[in-house]
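Structure data (mmCIF, C-alpha atoms) from target-v2.cif:
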data_query
loop_
_atom_site.label_atom_id
_atom_site.label_comp_id
_atom_site.auth_asym_id
_atom_site.auth_seq_id
_atom_site.Cartn_x
_atom_site.Cartn_y
_atom_site.Cartn_z
CA MET A 1 0.00 0.00 0.00
CA GLU A 2 2.83 2.30 0.79
CA ALA A 3 4.43 1.46 -2.52
CA VAL A 4 1.28 2.45 -4.39
CA ASN A 5 1.09 5.75 -2.54
CA LYS A 6 4.73 6.42 -3.26
CA THR A 7 4.25 5.80 -7.03
CA ALA A 8 1.26 8.14 -7.16
CA THR A 9 3.22 10.84 -5.41
CA GLU A 10 6.05 10.55 -7.91
CA ARG A 11 3.61 10.76 -10.84
CA THR A 12 2.09 13.86 -9.36
CA LYS A 13 5.49 15.45 -8.96
CA ARG A 14 6.47 14.61 -12.60
CA ALA A 15 3.18 16.01 -13.86
CA GLY A 16 3.74 19.17 -11.90
CA ARG A 17 7.22 19.57 -13.31
CA ALA A 18 5.87 19.01 -16.83
CA TYR A 19 3.17 21.65 -16.34
CA LEU A 20 5.80 24.01 -14.95
CA ILE A 21 8.07 23.46 -17.92
CA LEU A 22 5.11 23.94 -20.28
CA ALA A 23 4.17 27.15 -18.49
CA ILE A 24 7.75 28.40 -18.71
CA VAL A 25 7.89 27.59 -22.44
CA ALA A 26 4.58 29.36 -23.05
CA LEU A 27 5.79 32.34 -21.07
CA LEU A 28 9.02 32.50 -23.06
CA ALA A 29 7.11 32.19 -26.35
CA ALA A 30 4.73 34.95 -25.35
CA SER A 31 7.64 37.09 -24.21
CA GLY A 32 9.45 36.47 -27.50
CA TRP A 33 6.32 37.31 -29.49
CA TYR A 34 5.76 40.53 -27.58
CA ALA A 35 9.47 41.37 -27.84
CA HIS A 36 9.32 40.81 -31.60
CA ARG A 37 6.19 42.97 -31.85
CA TRP A 38 7.91 45.65 -29.83
CA TRP A 39 11.14 45.42 -31.82
CA THR A 40 9.45 45.44 -35.24
CA ALA A 41 6.80 48.02 -34.37
CA GLY A 42 6.84 50.82 -37.00
CA LYS A 43 9.09 48.80 -39.35
CA GLU A 44 8.42 47.01 -42.61
CA SER A 45 11.14 44.77 -43.99
CA THR A 46 11.78 42.70 -47.13
CA ASP A 47 14.67 40.81 -48.66
CA ASN A 48 13.12 41.14 -52.13
CA ALA A 49 15.21 44.18 -53.06
CA GLN A 50 18.11 44.99 -55.34
CA VAL A 51 20.33 47.86 -56.37
CA GLU A 52 19.21 49.47 -59.65
CA ALA A 53 20.44 52.13 -62.08
CA ASP A 54 19.07 53.69 -65.23
CA VAL A 55 21.37 51.83 -67.62
CA VAL A 56 21.79 53.82 -70.85
CA PRO A 57 21.98 51.92 -74.17
CA VAL A 58 24.24 53.92 -76.50
CA ALA A 59 23.25 53.54 -80.17
CA ALA A 60 24.51 54.92 -83.47
CA ARG A 61 22.42 57.84 -84.72
CA VAL A 62 23.88 57.66 -88.24
CA GLY A 63 25.07 54.74 -90.31
CA GLY A 64 28.59 54.06 -91.52
CA VAL A 65 31.85 52.29 -90.86
CA ILE A 66 33.40 52.65 -87.40
CA MET A 67 36.86 54.17 -87.88
CA THR A 68 38.01 54.20 -84.25
CA ALA A 69 36.75 52.86 -80.90
CA LYS A 70 38.20 54.74 -77.97
CA VAL A 71 36.79 52.62 -75.13
CA THR A 72 36.94 49.06 -73.83
CA ASP A 73 34.67 46.96 -71.66
CA ASN A 74 34.38 48.01 -67.98
CA GLN A 75 36.12 51.32 -68.67
CA ARG A 76 34.99 54.39 -66.77
CA VAL A 77 34.09 57.41 -68.90
CA HIS A 78 32.88 60.91 -68.23
CA LYS A 79 30.03 62.77 -69.87
CA GLY A 80 31.13 64.07 -73.28
CA ASP A 81 34.05 61.64 -73.73
CA VAL A 82 34.43 60.36 -77.30
CA LEU A 83 33.44 56.70 -77.60
CA PHE A 84 33.49 56.04 -81.37
CA GLU A 85 34.33 57.80 -84.64
CA ILE A 86 32.15 56.84 -87.65
CA ASP A 87 33.44 57.52 -91.18
CA PRO A 88 31.91 60.94 -92.07
CA ALA A 89 32.65 60.94 -95.84
CA ILE A 90 29.03 60.48 -96.95
CA LEU A 91 27.83 62.93 -94.30
CA ASP A 92 30.30 65.56 -95.54
CA VAL A 93 28.87 65.17 -99.06
CA GLU A 94 25.37 65.70 -97.66
CA VAL A 95 26.52 68.88 -95.92
CA LYS A 96 28.05 70.23 -99.16
CA ARG A 97 24.91 69.44 -101.14
CA ALA A 98 22.77 71.19 -98.52
CA GLU A 99 25.06 74.24 -98.73
CA TYR A 100 24.73 74.36 -102.52
CA ASP A 101 20.96 73.97 -102.29
CA LEU A 102 20.85 76.88 -99.84
CA GLU A 103 22.91 79.09 -102.16
CA ALA A 104 20.62 78.24 -105.09
CA ALA A 105 17.53 78.98 -103.00
CA LYS A 106 18.98 82.35 -101.96
CA GLU A 107 19.71 83.25 -105.59
CA GLN A 108 16.20 82.30 -106.62
CA SER A 109 14.83 84.39 -103.76
CA ALA A 110 16.86 87.40 -104.88
CA VAL A 111 15.61 86.99 -108.46
CA ALA A 112 12.01 86.71 -107.22
CA ASP A 113 12.39 89.89 -105.13
CA ALA A 114 13.80 91.75 -108.13
CA GLN A 115 10.97 90.42 -110.29
CA VAL A 116 8.45 91.98 -107.92
CA GLY A 117 9.95 95.44 -108.52
CA ILE A 118 10.14 94.89 -112.26
CA ILE A 119 6.53 93.77 -112.51
CA GLU A 120 5.33 96.64 -110.31
CA SER A 121 7.07 99.27 -112.47
CA SER A 122 6.41 97.63 -115.84
CA SER A 123 2.77 96.86 -115.07
CA LYS A 124 1.99 100.34 -113.82
CA GLY A 125 3.99 101.92 -116.65
CA GLY A 126 2.37 99.67 -119.23
CA LEU A 127 -1.08 100.55 -117.95
CA SER A 128 -0.35 104.27 -118.10
CA SER A 129 1.08 103.93 -121.62
CA ALA A 130 -1.92 101.87 -122.73
CA LYS A 131 -4.33 104.44 -121.35
CA ALA A 132 -2.41 107.24 -123.09
CA SER A 133 -2.48 105.29 -126.36
CA LEU A 134 -6.22 104.76 -125.98
CA SER A 135 -6.77 108.45 -125.35
CA GLY A 136 -4.69 109.36 -128.42
CA ALA A 137 -6.44 106.79 -130.59
CA SER A 138 -9.84 108.05 -129.45
CA ALA A 139 -8.83 111.60 -130.39
CA SER A 140 -7.65 110.32 -133.78
CA VAL A 141 -11.00 108.62 -134.32
CA ARG A 142 -12.81 111.87 -133.58
CA SER A 143 -10.48 113.81 -135.87
CA ALA A 144 -10.87 111.20 -138.63
CA GLY A 145 -14.64 111.36 -138.23
CA ASP A 146 -14.60 115.14 -138.63
CA ALA A 147 -12.34 114.82 -141.69
CA THR A 148 -14.63 112.17 -143.19
CA ARG A 149 -17.70 114.31 -142.71
CA ALA A 150 -15.91 117.31 -144.26
CA ALA A 151 -14.81 115.16 -147.22
CA GLU A 152 -18.33 113.87 -147.72
CA ALA A 153 -19.61 117.46 -147.70
CA ALA A 154 -16.93 118.37 -150.27
CA VAL A 155 -18.05 115.46 -152.47
CA ALA A 156 -21.64 116.67 -152.22
CA ARG A 157 -20.60 120.21 -153.28
CA ALA A 158 -18.41 118.89 -156.09
CA SER A 159 -21.25 116.66 -157.31
CA SER A 160 -23.57 119.65 -157.32
CA ASP A 161 -21.02 121.77 -159.16
CA LEU A 162 -20.46 118.98 -161.73
CA ALA A 163 -24.20 118.57 -162.27
CA LEU A 164 -24.50 122.30 -162.83
CA ALA A 165 -21.52 122.31 -165.19
CA THR A 166 -22.96 119.33 -167.09
CA THR A 167 -26.31 121.09 -167.54
CA GLU A 168 -24.62 124.29 -168.64
CA ARG A 169 -22.40 122.37 -171.10
CA THR A 170 -25.40 120.62 -172.67
CA SER A 171 -27.34 123.83 -173.13
CA SER A 172 -24.25 125.66 -174.42
CA GLN A 173 -23.66 122.90 -176.97
CA GLN A 174 -27.17 123.51 -178.36
CA LEU A 175 -26.56 127.24 -178.46
CA LEU A 176 -23.28 126.67 -180.26
CA GLU A 177 -25.04 124.61 -182.88
CA LYS A 178 -27.52 127.42 -183.38
CA GLY A 179 -24.69 129.95 -183.52
CA ALA A 180 -25.87 131.77 -180.43
CA ILE A 181 -22.46 131.55 -178.80
CA THR A 182 -18.93 131.46 -180.09
CA ARG A 183 -16.47 128.55 -180.05
CA SER A 184 -14.36 130.43 -177.57
CA GLU A 185 -17.24 130.66 -175.13
CA MET A 186 -17.95 126.98 -175.63
CA ASP A 187 -14.33 126.09 -174.85
CA GLN A 188 -14.53 128.09 -171.67
CA ILE A 189 -17.72 126.20 -170.63
CA ASN A 190 -16.01 122.88 -171.37
CA ARG A 191 -13.04 123.91 -169.22
CA ALA A 192 -15.44 124.75 -166.39
CA TYR A 193 -16.99 121.29 -166.80
CA ASP A 194 -13.59 119.61 -166.70
CA VAL A 195 -12.65 121.57 -163.55
CA ALA A 196 -15.91 120.53 -161.85
CA LYS A 197 -15.37 116.90 -162.79
CA ALA A 198 -11.77 116.97 -161.51
CA ALA A 199 -12.95 118.63 -158.30
CA LEU A 200 -15.51 115.86 -157.80
CA ASP A 201 -12.88 113.16 -158.40
CA SER A 202 -10.55 114.89 -155.93
CA ALA A 203 -13.32 115.22 -153.32
CA ILE A 204 -14.20 111.53 -153.71
CA ALA A 205 -10.53 110.59 -153.27
CA GLN A 206 -10.30 112.77 -150.14
CA ARG A 207 -13.47 111.23 -148.79
CA ASP A 208 -12.16 107.68 -149.38
CA LEU A 209 -8.87 108.63 -147.71
CA ALA A 210 -10.69 110.13 -144.73
CA ARG A 211 -12.81 106.99 -144.38
CA ALA A 212 -9.67 104.83 -144.51
CA ASN A 213 -8.01 107.03 -141.88
CA ARG A 214 -11.09 106.69 -139.67
CA GLY A 215 -10.94 102.87 -140.02
CA VAL A 216 -7.27 102.90 -139.05
CA ALA A 217 -8.01 105.15 -136.08
CA GLN A 218 -10.83 102.86 -134.95
CA ALA A 219 -8.49 99.84 -135.23
CA ARG A 220 -5.95 101.68 -133.11
CA VAL A 221 -8.65 102.34 -130.52
CA ALA A 222 -9.48 98.63 -130.39
CA GLU A 223 -5.78 97.81 -130.07
CA ALA A 224 -5.31 100.38 -127.30
CA GLU A 225 -8.38 99.06 -125.48
CA GLY A 226 -6.87 95.56 -125.66
CA ARG A 227 -3.63 96.86 -124.18
CA VAL A 228 -5.53 98.58 -121.40
CA THR A 229 -7.45 95.37 -120.69
CA GLN A 230 -4.21 93.37 -120.73
CA SER A 231 -2.45 95.84 -118.46
CA GLY A 232 -5.48 96.34 -116.25
CA PRO A 233 -4.97 93.58 -113.58
CA VAL A 234 -1.86 95.26 -112.17
CA ASP A 235 -2.72 94.29 -108.59
CA GLN A 236 -3.14 90.63 -109.54
CA GLN A 237 0.18 90.59 -111.39
CA VAL A 238 1.98 92.24 -108.49
CA ALA A 239 0.28 89.88 -106.00
CA ALA A 240 1.39 86.87 -108.07
CA ALA A 241 4.96 88.16 -108.14
CA ARG A 242 4.95 88.74 -104.40
CA ALA A 243 3.54 85.26 -103.79
CA ALA A 244 6.35 83.82 -105.90
CA ALA A 245 8.85 85.81 -103.83
CA GLU A 246 7.33 84.51 -100.58
CA LEU A 247 7.56 80.95 -101.92
CA ALA A 248 11.21 81.55 -102.72
CA HIS A 249 11.79 82.81 -99.16
CA VAL A 250 10.12 79.68 -97.77
CA ARG A 251 12.39 77.54 -99.93
CA VAL A 252 15.37 79.37 -98.43
CA LYS A 253 14.16 78.45 -94.94
CA ILE A 254 13.65 74.84 -96.00
CA ALA A 255 17.17 74.77 -97.40
CA GLU A 256 18.52 76.28 -94.17
CA ASN A 257 16.75 73.58 -92.13
CA ALA A 258 18.14 70.91 -94.46
CA LEU A 259 21.65 72.30 -93.96
CA ASP A 260 21.19 72.35 -90.17
CA ASN A 261 19.99 68.75 -90.30
CA ALA A 262 22.96 67.70 -92.46
CA ARG A 263 25.39 69.37 -90.07
CA LEU A 264 23.65 67.75 -87.11
CA ASN A 265 23.96 64.33 -88.72
CA ARG A 266 27.62 65.08 -89.38
CA SER A 267 28.12 65.77 -85.68
CA PHE A 268 26.56 62.39 -84.88
CA ALA A 269 29.53 60.72 -86.59
CA THR A 270 31.34 61.34 -83.28
CA VAL A 271 29.61 59.23 -80.62
CA VAL A 272 30.07 60.68 -77.13
CA ALA A 273 29.09 59.49 -73.67
CA PRO A 274 25.68 60.90 -72.69
CA THR A 275 26.55 60.64 -69.00
CA SER A 276 29.33 59.51 -66.71
CA GLY A 277 29.54 55.83 -65.91
CA VAL A 278 31.13 52.48 -66.77
CA ILE A 279 31.15 50.84 -70.20
CA SER A 280 29.55 47.41 -70.44
CA ARG A 281 28.62 44.99 -73.22
CA LEU A 282 30.77 46.69 -75.83
CA GLY A 283 29.44 45.39 -79.14
CA ALA A 284 31.11 47.55 -81.79
CA HIS A 285 34.68 47.55 -83.11
CA PRO A 286 36.74 49.39 -85.76
CA GLY A 287 35.87 48.36 -89.31
CA GLN A 288 32.37 47.28 -88.37
CA THR A 289 29.47 48.75 -90.39
CA VAL A 290 26.61 49.99 -88.26
CA SER A 291 23.17 51.26 -89.18
CA PRO A 292 21.20 54.06 -87.48
CA GLY A 293 19.79 52.82 -84.18
CA ALA A 294 22.26 49.93 -83.87
CA ALA A 295 23.28 49.31 -80.23
CA LEU A 296 26.98 49.94 -79.61
CA LEU A 297 27.32 49.44 -75.85
CA MET A 298 25.60 49.79 -72.50
CA LEU A 299 26.59 52.61 -70.17
CA VAL A 300 26.02 51.99 -66.45
CA PRO A 301 25.73 55.39 -64.74
CA ASP A 302 27.25 56.22 -61.37
CA GLU A 303 23.91 57.16 -59.85
CA THR A 304 22.12 54.16 -58.34
CA TYR A 305 19.07 53.53 -56.19
CA VAL A 306 17.25 50.59 -54.59
CA ILE A 307 14.01 48.95 -55.70
CA ALA A 308 12.31 47.02 -52.89
CA ASN A 309 9.26 44.87 -53.60
CA PHE A 310 7.03 44.94 -50.50
CA LYS A 311 3.96 42.84 -49.92
CA GLU A 312 0.70 44.68 -50.39
CA THR A 313 0.03 44.20 -46.65
CA GLN A 314 3.15 46.22 -45.82
CA ILE A 315 2.61 49.47 -47.68
CA GLY A 316 -0.54 50.75 -45.95
CA ALA A 317 1.34 53.21 -43.75
CA MET A 318 4.35 53.69 -46.06
CA LYS A 319 4.86 57.04 -47.74
CA PRO A 320 7.60 59.03 -49.50
CA GLY A 321 10.12 60.48 -47.07
CA ASP A 322 10.19 57.50 -44.69
CA LYS A 323 13.66 56.58 -43.45
CA VAL A 324 15.13 53.31 -44.71
CA ASP A 325 17.89 50.97 -43.50
CA ILE A 326 19.58 49.07 -46.31
CA GLU A 327 21.84 46.04 -46.06
CA VAL A 328 23.57 45.02 -49.27
CA ASP A 329 24.69 41.39 -49.41
CA ALA A 330 27.96 42.30 -51.11
CA TYR A 331 29.07 44.65 -48.29
CA SER A 332 29.03 44.68 -44.54
CA GLY A 333 27.34 47.41 -42.59
CA THR A 334 24.08 49.28 -42.95
CA PHE A 335 23.40 52.00 -45.47
CA HIS A 336 20.65 54.55 -45.14
CA GLY A 337 18.12 55.93 -47.57
CA VAL A 338 14.71 57.52 -48.01
CA VAL A 339 11.56 56.30 -49.71
CA GLU A 340 11.31 58.34 -52.90
CA THR A 341 8.24 56.94 -54.65
CA ILE A 342 5.79 54.05 -54.40
CA ALA A 343 4.67 52.39 -57.64
CA PRO A 344 1.08 53.19 -58.70
CA ALA A 345 0.36 49.48 -59.36
CA THR A 346 1.60 46.06 -58.36
CA GLY A 347 4.35 44.36 -60.30
CA SER A 348 1.97 41.81 -61.81
CA ARG A 349 -0.01 44.58 -63.53
CA PHE A 350 3.08 45.50 -65.53
CA SER A 351 3.81 41.95 -66.63
CA LEU A 352 3.55 40.96 -70.28
CA ILE A 353 0.34 39.01 -69.62
CA PRO A 354 -1.40 40.44 -66.51
CA ALA A 355 -3.44 37.99 -64.43
CA ASP A 356 -7.16 37.93 -65.20
CA ASN A 357 -9.02 37.15 -61.97
CA SER A 358 -12.38 37.00 -63.72
CA THR A 359 -11.72 33.61 -65.34
CA GLY A 360 -13.04 31.64 -62.35
CA ASN A 361 -9.69 30.03 -61.51
CA PHE A 362 -8.90 32.62 -58.87
CA VAL A 363 -6.25 31.88 -56.24
CA LYS A 364 -5.44 34.71 -53.91
CA VAL A 365 -1.74 35.56 -54.00
CA VAL A 366 -0.15 38.32 -51.99
CA GLN A 367 1.02 40.91 -54.52
CA ARG A 368 4.23 42.91 -54.46
CA VAL A 369 4.46 46.69 -54.86
CA PRO A 370 7.78 48.19 -56.05
CA VAL A 371 9.14 51.00 -53.85
CA LYS A 372 11.97 53.22 -55.08
CA ILE A 373 14.51 54.21 -52.43
CA ARG A 374 17.26 56.77 -52.91
CA TRP A 375 20.45 56.85 -50.90
CA ASP A 376 20.65 59.26 -47.99
CA LYS A 377 24.29 59.75 -48.92
CA VAL A 378 26.06 58.38 -51.98
CA PRO A 379 27.82 55.19 -50.87
CA GLU A 380 31.60 55.23 -50.97
CA VAL A 381 31.66 51.70 -52.35
CA ALA A 382 30.65 50.72 -55.88
CA MET A 383 26.97 49.89 -55.88
CA ARG A 384 26.60 47.72 -58.96
CA PRO A 385 23.07 47.39 -60.34
CA GLY A 386 21.56 43.99 -59.59
CA LEU A 387 23.14 43.49 -56.16
CA SER A 388 20.72 41.91 -53.64
CA ALA A 389 19.70 43.89 -50.58
CA GLU A 390 17.52 43.70 -47.49
CA VAL A 391 15.46 46.80 -46.72
CA THR A 392 13.72 48.03 -43.58
CA VAL A 393 11.41 51.04 -43.80
CA HIS A 394 10.57 52.99 -40.68
CA VAL A 395 6.90 53.82 -41.04
CA HIS A 396 4.97 56.17 -38.76
#

I need this file expressed as structure tokens, please.
Amino acid sequence: MEAVNKTATERTKRAGRAYLILAIVALLAASGWYAHRWWTAGKESTDNAQVEADVVPVAARVGGVIMTAKVTDNQRVHKGDVLFEIDPAILDVEVKRAEYDLEAAKEQSAVADAQVGIIESSSKGGLSSAKASLSGASASVRSAGDATRAAEAAVARASSDLALATTERTSSQQLLEKGAITRSEMDQINRAYDVAKAALDSAIAQRDLARANRGVAQARVAEAEGRVTQSGPVDQQVAAARAAAELAHVRVKIAENALDNARLNRSFATVVAPTSGVISRLGAHPGQTVSPGAALLMLVPDETYVIANFKETQIGAMKPGDKVDIEVDAYSGTFHGVVETIAPATGSRFSLIPADNSTGNFVKVVQRVPVKIRWDKVPEVAMRPGLSAEVTVHVH
């Protein structure tokens, strides 16, 4: 009986020790949990981060044969340093042609400007001359009309005088036959008849000449009117000349732009570093023919930053300006930075084929949001893009 009691007592003691140990473990776990909550309060961390830089692809802007390459892989260069020299022979020809085209355009512009003055003076002078000719021709028509009317009156008088002379001659001939007048008187009457007939012929000739002169004068009037009509649209002729001059001026500007473009392309034959950094992936060498847009090398700039991909549950209180602790796997120690920007969408939304959650095969996955972090102070060590990092953001 005593043995049974002793065994029960020992079991009770072992159970008590087990409960005590369990209580101690629970207490330690709770203490650790609360300590972790206290230690990580106001902090959001991730190891999904890496150093980044805006790597610049340097490409040829003109085509040609590379004459010289002045850089090698992993070489440091400064902004404006010469990287390549492309054969500029064809580009020089283009510059010369653009210069000749500009000179020709300027000459044509000068001729067009001079033509405006010539047309203005000749058109106005021609119109004045045509109007003067029309006025003179009109006066000639009036004068010819007066002369024609006078000649017709003279013909009428001469016809009357001839009719009278003819009548007198006939009656005198009868008197001569009867012996009432002498031969001498008859000869005098005949001479008077001949004079009247000659006067009529002369008057008719003068009348015909006056009519012909009037026809000529009327033709000159028609010709002068045509000249006035032809010279009339002076404003239109001057406007057309000025429009041609303006077109010539525009062609000069086009030629100037073409020359500027040719010179700009010529300058592109010398490829320079767009920024300071380190050469990488050098893919062009002397003697190689390149086309416009062909990649020559990659230039890794000195300025770097960190991209940290936080879970969507971590960014609720995060904002630009928050302090950041950065640990880069390649180096010991802690670097410091500041949250610069937070991406406007999750990384999956920028993927080539974004997830479509409306298909019915939905599985909830915690998304990542890229956060850009700039250095508080530029690190003294080389921060190469792609290096892994662990980031802790102090949120408030």

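Residues in contact range of Glu246 of chain A, defined as at most 12 Å between only C-alpha atoms, with sequence neighbours fewer than 3 positions away removed, read A:Ala105, A:Lys106, A:Gln108, A:Ser109, A:Ala110, A:Val111, A:Ala112, A:Asp113, A:Gln115, A:Val116, A:Ala239, A:Ala240, A:Ala241, A:Arg242, A:Ala243, A:His249, A:Val250, A:Arg251, A:Val252, A:Lys253.
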
* Residues returned when the PyMOL selection byres ((chain A and resi 278) around 6) runs on this file, as a PyMOL selection string -> chain A and resi 74-76+277+279+299-300

Separating atom CA of Ile86 of chain A from atom CA of Ser280 of chain A, to the nearest tenth of an Å, is a gap of 19.8 Å

(16.6, 68.1, -93.6) in this file's frame - what residues fall within 12 Å of it? Use only C-alpha atoms and give the answer as a list in words.
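Residues with an atom close enough to that point: Glu94, Val95, Arg97, Ala98, Glu99, Asp101, Leu102, Lys253, Ile254, Ala255, Glu256, Asn257, Ala258, Leu259, Asp260, Asn261, Ala262, Arg263, Leu264 and Asn265 of chain A.
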
- Query: Please, what distance in Å, to one decimal, runs between atom CA of Asp92 of chain A and atom CA of Phe268 of chain A?
  - Reply: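 Atom CA of Asp92 of chain A sits 11.7 Å away from atom CA of Phe268 of chain A.
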
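Considering all atoms listed in the file, the residue among A:Arg384, A:Lys377, A:Arg191, A:Arg368 positioned nearest to Phe350 of chain A is A:Arg368.
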
Exercise. Nearest to Met318 of chain A: which of A:Ala150, A:Leu91, A:Val82, A:Ile342 is it, counting all atoms listed in the file?
Worked result: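 Closest to Met318 of chain A of all the choices is A:Ile342.
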